[in-house]
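One file, final-v8.pdb, is given below (PDB, N, CA and C atoms, pLDDT in the B column).
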```pdb
ATOM      1  N   MET A   1      -0.859  40.920  23.470  1.00 58.00           N
ATOM      2  CA  MET A   1      -0.797  40.666  22.047  1.00 58.00           C
ATOM      3  C   MET A   1      -2.009  41.208  21.315  1.00 58.00           C
ATOM      4  N   SER A   2      -3.093  41.428  22.042  1.00 66.00           N
ATOM      5  CA  SER A   2      -4.254  41.994  21.376  1.00 66.00           C
ATOM      6  C   SER A   2      -3.925  43.386  20.849  1.00 66.00           C
ATOM      7  N   ASN A   3      -2.994  44.085  21.506  1.00 90.00           N
ATOM      8  CA  ASN A   3      -2.569  45.387  20.999  1.00 90.00           C
ATOM      9  C   ASN A   3      -1.887  45.247  19.647  1.00 90.00           C
ATOM     10  N   ASP A   4      -1.132  44.172  19.454  1.00 93.00           N
ATOM     11  CA  ASP A   4      -0.488  43.937  18.165  1.00 93.00           C
ATOM     12  C   ASP A   4      -1.540  43.687  17.088  1.00 93.00           C
ATOM     13  N   LYS A   5      -2.563  42.949  17.423  1.00 94.00           N
ATOM     14  CA  LYS A   5      -3.647  42.691  16.477  1.00 94.00           C
ATOM     15  C   LYS A   5      -4.328  44.001  16.102  1.00 94.00           C
ATOM     16  N   GLU A   6      -4.581  44.827  17.095  1.00 93.00           N
ATOM     17  CA  GLU A   6      -5.199  46.134  16.845  1.00 93.00           C
ATOM     18  C   GLU A   6      -4.286  47.019  16.002  1.00 93.00           C
ATOM     19  N   THR A   7      -2.998  46.954  16.261  1.00 93.00           N
ATOM     20  CA  THR A   7      -2.034  47.743  15.493  1.00 93.00           C
ATOM     21  C   THR A   7      -2.073  47.346  14.024  1.00 93.00           C
ATOM     22  N   ILE A   8      -2.059  46.059  13.752  1.00 95.00           N
ATOM     23  CA  ILE A   8      -2.092  45.571  12.373  1.00 95.00           C
ATOM     24  C   ILE A   8      -3.382  46.008  11.690  1.00 95.00           C
ATOM     25  N   GLU A   9      -4.487  45.890  12.383  1.00 95.00           N
ATOM     26  CA  GLU A   9      -5.771  46.322  11.807  1.00 95.00           C
ATOM     27  C   GLU A   9      -5.772  47.832  11.561  1.00 95.00           C
ATOM     28  N   HIS A  10      -5.226  48.585  12.482  1.00 93.00           N
ATOM     29  CA  HIS A  10      -5.161  50.041  12.339  1.00 93.00           C
ATOM     30  C   HIS A  10      -4.312  50.444  11.132  1.00 93.00           C
ATOM     31  N   LEU A  11      -3.299  49.654  10.834  1.00 94.00           N
ATOM     32  CA  LEU A  11      -2.417  49.937   9.697  1.00 94.00           C
ATOM     33  C   LEU A  11      -3.011  49.497   8.363  1.00 94.00           C
ATOM     34  N   GLY A  12      -4.204  48.904   8.392  1.00 95.00           N
ATOM     35  CA  GLY A  12      -4.862  48.519   7.149  1.00 95.00           C
ATOM     36  C   GLY A  12      -5.019  47.028   6.947  1.00 95.00           C
ATOM     37  N   GLY A  13      -4.616  46.232   7.919  1.00 96.00           N
ATOM     38  CA  GLY A  13      -4.780  44.786   7.826  1.00 96.00           C
ATOM     39  C   GLY A  13      -3.497  44.070   7.438  1.00 96.00           C
ATOM     40  N   SER A  14      -3.587  42.766   7.481  1.00 97.00           N
ATOM     41  CA  SER A  14      -2.412  41.917   7.240  1.00 97.00           C
ATOM     42  C   SER A  14      -1.819  42.104   5.856  1.00 97.00           C
ATOM     43  N   ALA A  15      -2.674  42.190   4.837  1.00 97.00           N
ATOM     44  CA  ALA A  15      -2.178  42.293   3.462  1.00 97.00           C
ATOM     45  C   ALA A  15      -1.406  43.595   3.251  1.00 97.00           C
ATOM     46  N   LYS A  16      -1.931  44.677   3.762  1.00 96.00           N
ATOM     47  CA  LYS A  16      -1.274  45.977   3.581  1.00 96.00           C
ATOM     48  C   LYS A  16       0.056  46.032   4.329  1.00 96.00           C
ATOM     49  N   VAL A  17       0.073  45.518   5.557  1.00 96.00           N
ATOM     50  CA  VAL A  17       1.317  45.504   6.335  1.00 96.00           C
ATOM     51  C   VAL A  17       2.343  44.597   5.657  1.00 96.00           C
ATOM     52  N   ALA A  18       1.895  43.454   5.161  1.00 97.00           N
ATOM     53  CA  ALA A  18       2.798  42.530   4.475  1.00 97.00           C
ATOM     54  C   ALA A  18       3.428  43.193   3.257  1.00 97.00           C
ATOM     55  N   ARG A  19       2.644  43.931   2.485  1.00 97.00           N
ATOM     56  CA  ARG A  19       3.192  44.635   1.311  1.00 97.00           C
ATOM     57  C   ARG A  19       4.225  45.676   1.729  1.00 97.00           C
ATOM     58  N   LYS A  20       3.933  46.424   2.783  1.00 95.00           N
ATOM     59  CA  LYS A  20       4.868  47.457   3.248  1.00 95.00           C
ATOM     60  C   LYS A  20       6.200  46.857   3.677  1.00 95.00           C
ATOM     61  N   LEU A  21       6.143  45.664   4.279  1.00 96.00           N
ATOM     62  CA  LEU A  21       7.352  45.045   4.818  1.00 96.00           C
ATOM     63  C   LEU A  21       8.012  44.052   3.863  1.00 96.00           C
ATOM     64  N   GLY A  22       7.305  43.676   2.796  1.00 96.00           N
ATOM     65  CA  GLY A  22       7.848  42.697   1.858  1.00 96.00           C
ATOM     66  C   GLY A  22       7.741  41.274   2.366  1.00 96.00           C
ATOM     67  N   TYR A  23       6.757  41.012   3.218  1.00 97.00           N
ATOM     68  CA  TYR A  23       6.538  39.675   3.765  1.00 97.00           C
ATOM     69  C   TYR A  23       5.265  39.078   3.198  1.00 97.00           C
ATOM     70  N   THR A  24       5.070  37.788   3.452  1.00 98.00           N
ATOM     71  CA  THR A  24       3.825  37.147   3.045  1.00 98.00           C
ATOM     72  C   THR A  24       2.703  37.561   3.993  1.00 98.00           C
ATOM     73  N   VAL A  25       1.494  37.502   3.469  1.00 98.00           N
ATOM     74  CA  VAL A  25       0.325  37.823   4.292  1.00 98.00           C
ATOM     75  C   VAL A  25       0.229  36.843   5.461  1.00 98.00           C
ATOM     76  N   GLN A  26       0.531  35.587   5.217  1.00 98.00           N
ATOM     77  CA  GLN A  26       0.447  34.566   6.265  1.00 98.00           C
ATOM     78  C   GLN A  26       1.371  34.902   7.436  1.00 98.00           C
ATOM     79  N   ARG A  27       2.555  35.389   7.134  1.00 97.00           N
ATOM     80  CA  ARG A  27       3.497  35.744   8.195  1.00 97.00           C
ATOM     81  C   ARG A  27       2.927  36.839   9.090  1.00 97.00           C
ATOM     82  N   VAL A  28       2.400  37.877   8.472  1.00 97.00           N
ATOM     83  CA  VAL A  28       1.838  38.985   9.242  1.00 97.00           C
ATOM     84  C   VAL A  28       0.566  38.537   9.963  1.00 97.00           C
ATOM     85  N   GLN A  29      -0.220  37.703   9.322  1.00 97.00           N
ATOM     86  CA  GLN A  29      -1.434  37.177   9.952  1.00 97.00           C
ATOM     87  C   GLN A  29      -1.089  36.416  11.232  1.00 97.00           C
ATOM     88  N   ASN A  30      -0.006  35.683  11.219  1.00 97.00           N
ATOM     89  CA  ASN A  30       0.433  34.953  12.413  1.00 97.00           C
ATOM     90  C   ASN A  30       0.769  35.907  13.560  1.00 97.00           C
ATOM     91  N   TRP A  31       1.248  37.081  13.238  1.00 96.00           N
ATOM     92  CA  TRP A  31       1.578  38.062  14.276  1.00 96.00           C
ATOM     93  C   TRP A  31       0.356  38.491  15.057  1.00 96.00           C
ATOM     94  N   LYS A  32      -0.819  38.403  14.440  1.00 95.00           N
ATOM     95  CA  LYS A  32      -2.048  38.778  15.150  1.00 95.00           C
ATOM     96  C   LYS A  32      -2.301  37.854  16.331  1.00 95.00           C
ATOM     97  N   GLU A  33      -1.879  36.622  16.209  1.00 95.00           N
ATOM     98  CA  GLU A  33      -2.064  35.646  17.293  1.00 95.00           C
ATOM     99  C   GLU A  33      -0.841  35.552  18.201  1.00 95.00           C
ATOM    100  N   ARG A  34       0.339  35.597  17.601  1.00 95.00           N
ATOM    101  CA  ARG A  34       1.583  35.380  18.358  1.00 95.00           C
ATOM    102  C   ARG A  34       2.260  36.657  18.816  1.00 95.00           C
ATOM    103  N   GLY A  35       1.840  37.772  18.233  1.00 95.00           N
ATOM    104  CA  GLY A  35       2.467  39.044  18.549  1.00 95.00           C
ATOM    105  C   GLY A  35       3.507  39.414  17.504  1.00 95.00           C
ATOM    106  N   ILE A  36       3.680  40.703  17.324  1.00 96.00           N
ATOM    107  CA  ILE A  36       4.693  41.201  16.388  1.00 96.00           C
ATOM    108  C   ILE A  36       6.058  41.001  17.042  1.00 96.00           C
ATOM    109  N   PRO A  37       6.982  40.347  16.353  1.00 96.00           N
ATOM    110  CA  PRO A  37       8.301  40.118  16.951  1.00 96.00           C
ATOM    111  C   PRO A  37       8.979  41.439  17.317  1.00 96.00           C
ATOM    112  N   PRO A  38       9.640  41.465  18.480  1.00 94.00           N
ATOM    113  CA  PRO A  38      10.341  42.683  18.894  1.00 94.00           C
ATOM    114  C   PRO A  38      11.323  43.199  17.844  1.00 94.00           C
ATOM    115  N   LYS A  39      11.976  42.279  17.139  1.00 95.00           N
ATOM    116  CA  LYS A  39      12.926  42.656  16.094  1.00 95.00           C
ATOM    117  C   LYS A  39      12.241  43.516  15.024  1.00 95.00           C
ATOM    118  N   GLU A  40      11.019  43.149  14.673  1.00 95.00           N
ATOM    119  CA  GLU A  40      10.265  43.911  13.665  1.00 95.00           C
ATOM    120  C   GLU A  40       9.862  45.279  14.201  1.00 95.00           C
ATOM    121  N   LYS A  41       9.454  45.322  15.460  1.00 93.00           N
ATOM    122  CA  LYS A  41       9.052  46.591  16.066  1.00 93.00           C
ATOM    123  C   LYS A  41      10.226  47.562  16.113  1.00 93.00           C
ATOM    124  N   LEU A  42      11.412  47.048  16.408  1.00 93.00           N
ATOM    125  CA  LEU A  42      12.602  47.896  16.465  1.00 93.00           C
ATOM    126  C   LEU A  42      13.061  48.329  15.079  1.00 93.00           C
ATOM    127  N   ALA A  43      12.902  47.446  14.102  1.00 94.00           N
ATOM    128  CA  ALA A  43      13.333  47.758  12.741  1.00 94.00           C
ATOM    129  C   ALA A  43      12.427  48.792  12.075  1.00 94.00           C
ATOM    130  N   ARG A  44      11.151  48.832  12.468  1.00 93.00           N
ATOM    131  CA  ARG A  44      10.187  49.751  11.843  1.00 93.00           C
ATOM    132  C   ARG A  44       9.400  50.537  12.881  1.00 93.00           C
ATOM    133  N   PRO A  45      10.068  51.400  13.638  1.00 92.00           N
ATOM    134  CA  PRO A  45       9.343  52.184  14.644  1.00 92.00           C
ATOM    135  C   PRO A  45       8.287  53.094  14.029  1.00 92.00           C
ATOM    136  N   ASP A  46       8.471  53.456  12.749  1.00 90.00           N
ATOM    137  CA  ASP A  46       7.483  54.297  12.079  1.00 90.00           C
ATOM    138  C   ASP A  46       6.133  53.606  11.957  1.00 90.00           C
ATOM    139  N   LEU A  47       6.130  52.283  11.954  1.00 90.00           N
ATOM    140  CA  LEU A  47       4.878  51.527  11.863  1.00 90.00           C
ATOM    141  C   LEU A  47       4.374  51.049  13.216  1.00 90.00           C
ATOM    142  N   PHE A  48       5.272  50.572  14.047  1.00 87.00           N
ATOM    143  CA  PHE A  48       4.847  49.810  15.214  1.00 87.00           C
ATOM    144  C   PHE A  48       4.980  50.498  16.561  1.00 87.00           C
ATOM    145  N   GLN A  49       5.605  51.636  16.622  1.00 83.00           N
ATOM    146  CA  GLN A  49       5.762  52.289  17.925  1.00 83.00           C
ATOM    147  C   GLN A  49       4.988  53.588  17.958  1.00 83.00           C
ATOM    148  N   ALA A  50       4.202  53.749  19.006  1.00 70.00           N
ATOM    149  CA  ALA A  50       3.435  54.971  19.184  1.00 70.00           C
ATOM    150  C   ALA A  50       4.376  56.110  19.536  1.00 70.00           C
ATOM    151  N   PRO A  51       4.038  57.315  19.108  1.00 64.00           N
ATOM    152  CA  PRO A  51       4.864  58.469  19.479  1.00 64.00           C
ATOM    153  C   PRO A  51       4.927  58.627  20.995  1.00 64.00           C
ATOM    154  N   LEU A  52       6.020  59.172  21.472  1.00 58.00           N
ATOM    155  CA  LEU A  52       6.165  59.393  22.907  1.00 58.00           C
ATOM    156  C   LEU A  52       5.039  60.261  23.417  1.00 58.00           C
ATOM    157  N   GLY A  53       4.516  59.878  24.554  1.00 60.00           N
ATOM    158  CA  GLY A  53       3.466  60.663  25.178  1.00 60.00           C
ATOM    159  C   GLY A  53       2.068  60.318  24.712  1.00 60.00           C
ATOM    160  N   SER A  54       1.934  59.503  23.683  1.00 58.00           N
ATOM    161  CA  SER A  54       0.589  59.163  23.233  1.00 58.00           C
ATOM    162  C   SER A  54      -0.059  58.218  24.229  1.00 58.00           C
ATOM    163  N   GLY A  55      -1.315  58.408  24.424  1.00 56.00           N
ATOM    164  CA  GLY A  55      -2.053  57.558  25.348  1.00 56.00           C
ATOM    165  C   GLY A  55      -1.889  57.932  26.800  1.00 56.00           C
ATOM    166  N   GLN A  56      -1.135  58.955  27.060  1.00 47.00           N
ATOM    167  CA  GLN A  56      -0.944  59.378  28.437  1.00 47.00           C
ATOM    168  C   GLN A  56      -1.754  60.637  28.687  1.00 47.00           C
ATOM    169  N   LYS A  57      -2.416  60.670  29.816  1.00 49.00           N
ATOM    170  CA  LYS A  57      -3.187  61.857  30.176  1.00 49.00           C
ATOM    171  C   LYS A  57      -2.251  62.884  30.793  1.00 49.00           C
ATOM    172  N   ARG A  58      -2.454  64.108  30.400  1.00 47.00           N
ATOM    173  CA  ARG A  58      -1.647  65.191  30.977  1.00 47.00           C
ATOM    174  C   ARG A  58      -2.367  65.747  32.179  1.00 47.00           C
ATOM    175  N   ARG A  59      -1.612  66.089  33.154  1.00 50.00           N
ATOM    176  CA  ARG A  59      -2.159  66.751  34.341  1.00 50.00           C
ATOM    177  C   ARG A  59      -1.650  68.176  34.346  1.00 50.00           C
ATOM    178  N   HIS A  60      -2.573  69.063  34.375  1.00 47.00           N
ATOM    179  CA  HIS A  60      -2.207  70.483  34.391  1.00 47.00           C
ATOM    180  C   HIS A  60      -2.282  71.001  35.811  1.00 47.00           C
ATOM    181  N   ARG A  61      -1.277  71.748  36.171  1.00 52.00           N
ATOM    182  CA  ARG A  61      -1.273  72.363  37.505  1.00 52.00           C
ATOM    183  C   ARG A  61      -1.854  73.771  37.396  1.00 52.00           C
ATOM    184  N   ALA A  62      -2.540  74.132  38.405  1.00 53.00           N
ATOM    185  CA  ALA A  62      -3.067  75.496  38.440  1.00 53.00           C
ATOM    186  C   ALA A  62      -1.910  76.469  38.607  1.00 53.00           C
ATOM    187  N   VAL A  63      -1.918  77.505  37.836  1.00 55.00           N
ATOM    188  CA  VAL A  63      -0.871  78.522  37.919  1.00 55.00           C
ATOM    189  C   VAL A  63      -1.322  79.585  38.922  1.00 55.00           C
ATOM    190  N   LYS A  64      -0.438  79.898  39.849  1.00 54.00           N
ATOM    191  CA  LYS A  64      -0.785  80.905  40.871  1.00 54.00           C
ATOM    192  C   LYS A  64      -0.259  82.256  40.497  1.00 54.00           C
TER     193      LYS A  64
END
```

Show me the file's structure as structure tokens.
Amino acid sequence: MSNDKETIEHLGGSAKVARKLGYTVQRVQNWKERGIPPKEKLARPDLFQAPLGSGQKRRHRAVK
């Protein structure tokens, strides 16, 4: 859940995320402790889901 807290902070904080989603600040603030509900993550992948391949290290093979 700490990743959810970091995600909210990265997006500009509880107030900014709440405005984007049309929710109260308190609701989004609660997500920092309880986690962002899966339903919300699925409804707004543009906000809550990292692009495919992000955070993964690439391994390059030597070309012969």

(message) Give me, as a list in words, all polymer residues having an atom no more than 12 Å from Gln26 (chain A), counting only C-alpha atoms and skipping those fewer than 3 positions away in the same chain.
(response) Gly13, Ser14, Ala15, Lys16, Val17, Ala18, Arg19, Gly22, Tyr23, Gln29, Asn30, Trp31, Lys32 and Glu33 of chain A

(message) Using Å and a single decimal, report how far CA of Asn3 (chain A) sits from atom C of Pro45 (chain A).
(response)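 Spanning atom C of Pro45 (chain A) to CA of Asn3 (chain A) is a straight-line distance of 15.0 Å.
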
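The space between atom N of Lys41 (chain A) and atom N of Asp4 (chain A) spans 11.4 Å.
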
(message) When you count only N, CA and C atoms, which of these residues is closest to Phe48 (chain A): A:Arg34, A:Val25, A:Ile8, A:Lys20?
(response) A:Ile8

(request) Could you check how far CA of Pro38 (chain A) sits from CA of His10 (chain A), in Å to one decimal? (result)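 For CA of Pro38 (chain A) relative to CA of His10 (chain A), the distance reads 18.4 Å.
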